[in-house]
file work_1.txt (compact mmCIF, N, CA and C atoms)
# COMPACT_ATOMS: atom_id res chain seq x y z
N MET A 177 3.14 -11.56 -2.39
CA MET A 177 4.50 -11.97 -2.10
C MET A 177 5.38 -11.68 -3.31
N ALA A 178 6.54 -11.16 -3.06
CA ALA A 178 7.47 -10.81 -4.13
C ALA A 178 8.36 -11.99 -4.48
N LYS A 179 8.81 -11.99 -5.74
CA LYS A 179 9.74 -13.03 -6.20
C LYS A 179 11.08 -12.35 -6.46
N VAL A 180 12.10 -12.83 -5.78
CA VAL A 180 13.44 -12.25 -5.91
C VAL A 180 14.34 -13.27 -6.59
N THR A 181 15.02 -12.83 -7.65
CA THR A 181 15.95 -13.71 -8.36
C THR A 181 17.35 -13.10 -8.34
N PHE A 182 18.32 -13.97 -8.18
CA PHE A 182 19.74 -13.56 -8.17
C PHE A 182 20.45 -14.22 -9.33
N LYS A 183 21.26 -13.46 -10.06
CA LYS A 183 22.17 -14.03 -11.06
C LYS A 183 23.46 -14.35 -10.31
N THR A 184 23.46 -15.50 -9.67
CA THR A 184 24.56 -15.84 -8.75
C THR A 184 25.92 -15.91 -9.43
N ASP A 185 25.94 -16.18 -10.74
CA ASP A 185 27.23 -16.24 -11.45
C ASP A 185 27.91 -14.87 -11.49
N LEU A 186 27.12 -13.80 -11.46
CA LEU A 186 27.67 -12.45 -11.58
C LEU A 186 27.89 -11.75 -10.25
N CYS A 187 27.38 -12.31 -9.17
CA CYS A 187 27.50 -11.69 -7.85
C CYS A 187 28.96 -11.68 -7.40
N LYS A 188 29.42 -10.50 -6.91
CA LYS A 188 30.80 -10.41 -6.44
C LYS A 188 30.90 -10.45 -4.92
N GLY A 189 29.76 -10.71 -4.26
CA GLY A 189 29.78 -10.89 -2.82
C GLY A 189 30.08 -9.65 -2.01
N CYS A 190 29.68 -8.49 -2.50
CA CYS A 190 29.99 -7.24 -1.78
C CYS A 190 29.14 -7.07 -0.52
N GLY A 191 27.95 -7.66 -0.49
CA GLY A 191 27.10 -7.59 0.70
C GLY A 191 26.26 -6.34 0.85
N LEU A 192 26.27 -5.46 -0.15
CA LEU A 192 25.47 -4.24 -0.06
C LEU A 192 23.98 -4.55 0.03
N CYS A 193 23.54 -5.56 -0.68
CA CYS A 193 22.12 -5.94 -0.64
C CYS A 193 21.73 -6.44 0.73
N VAL A 194 22.62 -7.16 1.38
CA VAL A 194 22.35 -7.71 2.72
C VAL A 194 22.14 -6.57 3.71
N SER A 195 22.98 -5.56 3.64
CA SER A 195 22.84 -4.44 4.58
C SER A 195 21.65 -3.54 4.24
N ALA A 196 21.20 -3.54 2.99
CA ALA A 196 20.08 -2.69 2.59
C ALA A 196 18.71 -3.29 2.91
N CYS A 197 18.64 -4.56 3.15
CA CYS A 197 17.35 -5.24 3.36
C CYS A 197 16.74 -4.84 4.71
N PRO A 198 15.55 -4.21 4.70
CA PRO A 198 14.93 -3.81 5.97
C PRO A 198 14.41 -5.00 6.78
N LYS A 199 14.13 -6.12 6.14
CA LYS A 199 13.62 -7.30 6.84
C LYS A 199 14.74 -8.24 7.29
N LYS A 200 15.97 -7.96 6.87
CA LYS A 200 17.16 -8.77 7.23
C LYS A 200 16.99 -10.24 6.83
N ILE A 201 16.52 -10.46 5.58
CA ILE A 201 16.30 -11.83 5.10
C ILE A 201 17.26 -12.21 3.98
N LEU A 202 18.28 -11.41 3.76
CA LEU A 202 19.32 -11.74 2.79
C LEU A 202 20.60 -12.07 3.54
N ALA A 203 21.37 -12.99 2.99
CA ALA A 203 22.65 -13.37 3.60
C ALA A 203 23.59 -13.83 2.50
N MET A 204 24.86 -13.82 2.82
CA MET A 204 25.85 -14.35 1.89
C MET A 204 25.87 -15.86 2.07
N SER A 205 25.81 -16.58 0.96
CA SER A 205 25.78 -18.04 1.01
C SER A 205 27.07 -18.58 1.63
N LYS A 206 26.91 -19.56 2.50
CA LYS A 206 28.08 -20.16 3.13
C LYS A 206 28.58 -21.38 2.37
N ASP A 207 27.67 -22.06 1.63
CA ASP A 207 28.08 -23.30 0.95
C ASP A 207 28.31 -23.14 -0.55
N VAL A 208 27.87 -22.03 -1.14
CA VAL A 208 27.98 -21.87 -2.60
C VAL A 208 29.10 -20.89 -2.92
N ILE A 209 29.91 -21.28 -3.90
CA ILE A 209 30.93 -20.37 -4.44
C ILE A 209 30.70 -20.31 -5.94
N ASN A 210 30.54 -19.08 -6.45
CA ASN A 210 30.24 -18.94 -7.89
C ASN A 210 31.51 -19.03 -8.73
N ALA A 211 31.35 -18.86 -10.03
CA ALA A 211 32.46 -19.00 -10.98
C ALA A 211 33.57 -17.97 -10.73
N LYS A 212 33.20 -16.83 -10.13
CA LYS A 212 34.19 -15.80 -9.85
C LYS A 212 34.93 -16.04 -8.53
N GLY A 213 34.49 -17.07 -7.79
CA GLY A 213 35.14 -17.40 -6.53
C GLY A 213 34.58 -16.67 -5.32
N HIS A 214 33.37 -16.12 -5.46
CA HIS A 214 32.74 -15.38 -4.36
C HIS A 214 31.55 -16.14 -3.81
N HIS A 215 31.20 -15.85 -2.57
CA HIS A 215 29.97 -16.37 -1.98
C HIS A 215 28.85 -15.42 -2.38
N PRO A 216 27.89 -15.86 -3.20
CA PRO A 216 26.82 -14.97 -3.66
C PRO A 216 25.76 -14.76 -2.58
N ALA A 217 24.98 -13.71 -2.75
CA ALA A 217 23.88 -13.42 -1.83
C ALA A 217 22.74 -14.39 -2.10
N GLU A 218 21.96 -14.65 -1.05
CA GLU A 218 20.81 -15.52 -1.19
C GLU A 218 19.71 -15.08 -0.23
N MET A 219 18.48 -15.47 -0.55
CA MET A 219 17.32 -15.16 0.27
C MET A 219 17.17 -16.24 1.33
N THR A 220 17.01 -15.85 2.58
CA THR A 220 16.86 -16.83 3.65
C THR A 220 15.40 -17.14 3.98
N ASN A 221 14.50 -16.18 3.69
CA ASN A 221 13.08 -16.38 3.97
C ASN A 221 12.25 -15.60 2.96
N GLU A 222 11.98 -16.22 1.81
CA GLU A 222 11.30 -15.52 0.73
C GLU A 222 9.88 -15.08 1.10
N SER A 223 9.22 -15.80 1.98
CA SER A 223 7.85 -15.44 2.35
C SER A 223 7.79 -14.15 3.17
N ALA A 224 8.91 -13.74 3.77
CA ALA A 224 8.95 -12.51 4.56
C ALA A 224 9.29 -11.28 3.71
N CYS A 225 9.62 -11.47 2.44
CA CYS A 225 10.01 -10.37 1.56
C CYS A 225 8.81 -9.46 1.29
N ILE A 226 9.00 -8.14 1.43
CA ILE A 226 7.94 -7.18 1.19
C ILE A 226 8.02 -6.56 -0.20
N GLY A 227 9.02 -6.93 -0.98
CA GLY A 227 9.15 -6.46 -2.36
C GLY A 227 9.58 -5.01 -2.49
N CYS A 228 10.29 -4.49 -1.53
CA CYS A 228 10.71 -3.09 -1.56
C CYS A 228 11.77 -2.80 -2.62
N ALA A 229 12.51 -3.83 -3.02
CA ALA A 229 13.57 -3.75 -4.04
C ALA A 229 14.76 -2.90 -3.62
N PHE A 230 14.94 -2.67 -2.31
CA PHE A 230 16.14 -1.96 -1.84
C PHE A 230 17.39 -2.75 -2.22
N CYS A 231 17.30 -4.06 -2.15
CA CYS A 231 18.45 -4.91 -2.49
C CYS A 231 18.86 -4.72 -3.95
N ALA A 232 17.88 -4.71 -4.83
CA ALA A 232 18.16 -4.54 -6.26
C ALA A 232 18.71 -3.15 -6.56
N THR A 233 18.21 -2.16 -5.84
CA THR A 233 18.67 -0.79 -6.03
C THR A 233 20.13 -0.63 -5.58
N MET A 234 20.50 -1.30 -4.51
CA MET A 234 21.86 -1.18 -3.97
C MET A 234 22.89 -1.99 -4.74
N CYS A 235 22.46 -3.02 -5.46
CA CYS A 235 23.40 -3.90 -6.15
C CYS A 235 24.13 -3.17 -7.28
N PRO A 236 25.45 -3.04 -7.18
CA PRO A 236 26.20 -2.31 -8.22
C PRO A 236 26.29 -3.07 -9.54
N ASP A 237 26.05 -4.37 -9.52
CA ASP A 237 26.16 -5.18 -10.74
C ASP A 237 24.82 -5.62 -11.30
N CYS A 238 23.72 -5.15 -10.73
CA CYS A 238 22.37 -5.45 -11.21
C CYS A 238 22.11 -6.95 -11.32
N VAL A 239 22.48 -7.70 -10.31
CA VAL A 239 22.28 -9.14 -10.34
C VAL A 239 20.97 -9.57 -9.67
N ILE A 240 20.23 -8.61 -9.08
CA ILE A 240 19.00 -8.93 -8.36
C ILE A 240 17.80 -8.37 -9.12
N THR A 241 16.78 -9.22 -9.28
CA THR A 241 15.52 -8.81 -9.89
C THR A 241 14.41 -9.07 -8.90
N VAL A 242 13.55 -8.06 -8.69
CA VAL A 242 12.41 -8.22 -7.77
C VAL A 242 11.14 -8.04 -8.58
N GLU A 243 10.28 -9.05 -8.51
CA GLU A 243 8.98 -9.01 -9.19
C GLU A 243 7.89 -9.07 -8.14
N LYS A 244 6.89 -8.21 -8.29
CA LYS A 244 5.77 -8.22 -7.35
C LYS A 244 4.62 -8.99 -7.91

call {"tool": "encode", "arguments": {"input": "work_1.txt", "output": "structure tokens"}}
result
Amino acid sequence: MAKVTFKTDLCKGCGLCVSACPKKILAMSKDVINAKGHHPAEMTNESACIGCAFCATMCPDCVITVEK
């Protein structure tokens, strides 16, 4: 199982990671707003993550880290 970490303070809420996820387990947070005023991305089902790191590759601000 992969471990995915988000630097939520730096996320600008662009959603590129959400669209890149082949398992569709990423979403923009509905209840959290970061210091920049954006809804950051979050993992909805970490146990379903295959560790492909497409989300981290697509992130323009490098806020996602995937560890296998």

call {"tool": "residues_around", "arguments": {"input": "work_1.txt", "residues": "region 214-222 of chain A", "least_positions_apart": "4", "cutoff": "6 Å", "atoms": "all atoms listed in the file", "output": "ChimeraX atom specification"}}
result
/A:184,187-189,201-205,208-210

call {"tool": "residues_around", "arguments": {"input": "work_1.txt", "residues": "Asp237 (chain A)", "least_positions_apart": "3", "cutoff": "7 Å", "atoms": "all atoms listed in the file", "output": "list of chain:residue names"}}
result
A:Leu186, A:Met234, A:Ile240

call {"tool": "residues_around", "arguments": {"input": "work_1.txt", "residues": "Lys179 (chain A)", "least_positions_apart": "3", "cutoff": "5 Å", "atoms": "only N, CA and C atoms", "output": "PyMOL selection string"}}
result
chain A and resi 242-244

call {"tool": "atom_distance", "arguments": {"input": "work_1.txt", "atom1": "atom N of Met177 (chain A)", "atom2": "CA of Ser223 (chain A)"}}
result
7.7 Å

call {"tool": "select_by_dssp", "arguments": {"input": "work_1.txt", "residues": "chain A", "states": "helix (DSSP H, G or I)", "output": "ChimeraX atom specification"}}
result
/A:192-196,222-224,230-234

call {"tool": "atom_distance", "arguments": {"input": "work_1.txt", "atom1": "CA of Cys235 (chain A)", "atom2": "CA of Asp185 (chain A)"}}
result
14.0 Å

call {"tool": "axis_aligned_box", "arguments": {"input": "work_1.txt", "around": "region 177-185 of chain A", "padding_each_side": "3 Å", "output": "AutoDock Vina command-line options"}}
result
--center_x 15.5 --center_y -13.5 --center_z -6.8 --size_x 30.8 --size_y 11.4 --size_z 15.4

call {"tool": "select_by_dssp", "arguments": {"input": "work_1.txt", "residues": "region 177-222 of chain A", "states": "strand (DSSP E or B)", "output": "list of chain:residue names"}}
result
A:Lys179, A:Val180, A:Thr181, A:Phe182, A:Leu202, A:Ala203, A:Met204, A:Ala217, A:Glu218, A:Met219

call {"tool": "write_last_selection", "arguments": {"input": "work_1.txt", "atoms": "N, CA and C atoms", "output": "PDB file, in the frame of the given file"}}
result
ATOM      1  N   LYS A 179       8.810 -11.990  -5.740  1.00  0.00           N
ATOM      2  CA  LYS A 179       9.740 -13.030  -6.200  1.00  0.00           C
ATOM      3  C   LYS A 179      11.080 -12.350  -6.460  1.00  0.00           C
ATOM      4  N   VAL A 180      12.100 -12.830  -5.780  1.00  0.00           N
ATOM      5  CA  VAL A 180      13.440 -12.250  -5.910  1.00  0.00           C
ATOM      6  C   VAL A 180      14.340 -13.270  -6.590  1.00  0.00           C
ATOM      7  N   THR A 181      15.020 -12.830  -7.650  1.00  0.00           N
ATOM      8  CA  THR A 181      15.950 -13.710  -8.360  1.00  0.00           C
ATOM      9  C   THR A 181      17.350 -13.100  -8.340  1.00  0.00           C
ATOM     10  N   PHE A 182      18.320 -13.970  -8.180  1.00  0.00           N
ATOM     11  CA  PHE A 182      19.740 -13.560  -8.170  1.00  0.00           C
ATOM     12  C   PHE A 182      20.450 -14.220  -9.330  1.00  0.00           C
ATOM     13  N   LEU A 202      18.280 -11.410   3.760  1.00  0.00           N
ATOM     14  CA  LEU A 202      19.320 -11.740   2.790  1.00  0.00           C
ATOM     15  C   LEU A 202      20.600 -12.070   3.540  1.00  0.00           C
ATOM     16  N   ALA A 203      21.370 -12.990   2.990  1.00  0.00           N
ATOM     17  CA  ALA A 203      22.650 -13.370   3.600  1.00  0.00           C
ATOM     18  C   ALA A 203      23.590 -13.830   2.500  1.00  0.00           C
ATOM     19  N   MET A 204      24.860 -13.820   2.820  1.00  0.00           N
ATOM     20  CA  MET A 204      25.850 -14.350   1.890  1.00  0.00           C
ATOM     21  C   MET A 204      25.870 -15.860   2.070  1.00  0.00           C
ATOM     22  N   ALA A 217      24.980 -13.710  -2.750  1.00  0.00           N
ATOM     23  CA  ALA A 217      23.880 -13.420  -1.830  1.00  0.00           C
ATOM     24  C   ALA A 217      22.740 -14.390  -2.100  1.00  0.00           C
ATOM     25  N   GLU A 218      21.960 -14.650  -1.050  1.00  0.00           N
ATOM     26  CA  GLU A 218      20.810 -15.520  -1.190  1.00  0.00           C
ATOM     27  C   GLU A 218      19.710 -15.080  -0.230  1.00  0.00           C
ATOM     28  N   MET A 219      18.480 -15.470  -0.550  1.00  0.00           N
ATOM     29  CA  MET A 219      17.320 -15.160   0.270  1.00  0.00           C
ATOM     30  C   MET A 219      17.170 -16.240   1.330  1.00  0.00           C
TER      31      MET A 219
END

call {"tool": "atom_distance", "arguments": {"input": "work_1.txt", "atom1": "atom N of Lys199 (chain A)", "atom2": "CA of Ala211 (chain A)"}}
result
28.2 Å

call {"tool": "build_atoms", "arguments": {"input": "work_1.txt", "residues": "region 178-204 of chain A", "atoms": "N, CA, C and O atoms", "output": "compact mmCIF listing (two decimals), in the coordinates of the input"}}
result
# COMPACT_ATOMS: atom_id res chain seq x y z
N ALA A 178 6.54 -11.16 -3.06
CA ALA A 178 7.47 -10.81 -4.13
C ALA A 178 8.36 -11.99 -4.48
O ALA A 178 8.62 -12.86 -3.66
N LYS A 179 8.81 -11.99 -5.74
CA LYS A 179 9.74 -13.03 -6.20
C LYS A 179 11.08 -12.35 -6.46
O LYS A 179 11.17 -11.41 -7.25
N VAL A 180 12.10 -12.83 -5.78
CA VAL A 180 13.44 -12.25 -5.91
C VAL A 180 14.34 -13.27 -6.59
O VAL A 180 14.42 -14.41 -6.17
N THR A 181 15.02 -12.83 -7.65
CA THR A 181 15.95 -13.71 -8.36
C THR A 181 17.35 -13.10 -8.34
O THR A 181 17.51 -11.91 -8.46
N PHE A 182 18.32 -13.97 -8.18
CA PHE A 182 19.74 -13.56 -8.17
C PHE A 182 20.45 -14.22 -9.33
O PHE A 182 20.30 -15.41 -9.56
N LYS A 183 21.26 -13.46 -10.06
CA LYS A 183 22.17 -14.03 -11.06
C LYS A 183 23.46 -14.35 -10.31
O LYS A 183 24.40 -13.56 -10.28
N THR A 184 23.46 -15.50 -9.67
CA THR A 184 24.56 -15.84 -8.75
C THR A 184 25.92 -15.91 -9.43
O THR A 184 26.94 -15.70 -8.79
N ASP A 185 25.94 -16.18 -10.74
CA ASP A 185 27.23 -16.24 -11.45
C ASP A 185 27.91 -14.87 -11.49
O ASP A 185 29.13 -14.79 -11.58
N LEU A 186 27.12 -13.80 -11.46
CA LEU A 186 27.67 -12.45 -11.58
C LEU A 186 27.89 -11.75 -10.25
O LEU A 186 28.52 -10.69 -10.21
N CYS A 187 27.38 -12.31 -9.17
CA CYS A 187 27.50 -11.69 -7.85
C CYS A 187 28.96 -11.68 -7.40
O CYS A 187 29.64 -12.69 -7.46
N LYS A 188 29.42 -10.50 -6.91
CA LYS A 188 30.80 -10.41 -6.44
C LYS A 188 30.90 -10.45 -4.92
O LYS A 188 31.96 -10.22 -4.36
N GLY A 189 29.76 -10.71 -4.26
CA GLY A 189 29.78 -10.89 -2.82
C GLY A 189 30.08 -9.65 -2.01
O GLY A 189 30.64 -9.75 -0.92
N CYS A 190 29.68 -8.49 -2.50
CA CYS A 190 29.99 -7.24 -1.78
C CYS A 190 29.14 -7.07 -0.52
O CYS A 190 29.55 -6.37 0.40
N GLY A 191 27.95 -7.66 -0.49
CA GLY A 191 27.10 -7.59 0.70
C GLY A 191 26.26 -6.34 0.85
O GLY A 191 25.60 -6.15 1.87
N LEU A 192 26.27 -5.46 -0.15
CA LEU A 192 25.47 -4.24 -0.06
C LEU A 192 23.98 -4.55 0.03
O LEU A 192 23.24 -3.87 0.75
N CYS A 193 23.54 -5.56 -0.68
CA CYS A 193 22.12 -5.94 -0.64
C CYS A 193 21.73 -6.44 0.73
O CYS A 193 20.63 -6.15 1.23
N VAL A 194 22.62 -7.16 1.38
CA VAL A 194 22.35 -7.71 2.72
C VAL A 194 22.14 -6.57 3.71
O VAL A 194 21.20 -6.59 4.51
N SER A 195 22.98 -5.56 3.64
CA SER A 195 22.84 -4.44 4.58
C SER A 195 21.65 -3.54 4.24
O SER A 195 21.14 -2.86 5.13
N ALA A 196 21.20 -3.54 2.99
CA ALA A 196 20.08 -2.69 2.59
C ALA A 196 18.71 -3.29 2.91
O ALA A 196 17.72 -2.57 2.96
N CYS A 197 18.64 -4.56 3.15
CA CYS A 197 17.35 -5.24 3.36
C CYS A 197 16.74 -4.84 4.71
O CYS A 197 17.32 -5.13 5.76
N PRO A 198 15.55 -4.21 4.70
CA PRO A 198 14.93 -3.81 5.97
C PRO A 198 14.41 -5.00 6.78
O PRO A 198 14.26 -4.90 8.00
N LYS A 199 14.13 -6.12 6.14
CA LYS A 199 13.62 -7.30 6.84
C LYS A 199 14.74 -8.24 7.29
O LYS A 199 14.48 -9.23 7.95
N LYS A 200 15.97 -7.96 6.87
CA LYS A 200 17.16 -8.77 7.23
C LYS A 200 16.99 -10.24 6.83
O LYS A 200 17.27 -11.15 7.60
N ILE A 201 16.52 -10.46 5.58
CA ILE A 201 16.30 -11.83 5.10
C ILE A 201 17.26 -12.21 3.98
O ILE A 201 17.07 -13.23 3.33
N LEU A 202 18.28 -11.41 3.76
CA LEU A 202 19.32 -11.74 2.79
C LEU A 202 20.60 -12.07 3.54
O LEU A 202 20.88 -11.51 4.59
N ALA A 203 21.37 -12.99 2.99
CA ALA A 203 22.65 -13.37 3.60
C ALA A 203 23.59 -13.83 2.50
O ALA A 203 23.17 -14.18 1.40
N MET A 204 24.86 -13.82 2.82
CA MET A 204 25.85 -14.35 1.89
C MET A 204 25.87 -15.86 2.07
O MET A 204 25.93 -16.36 3.19
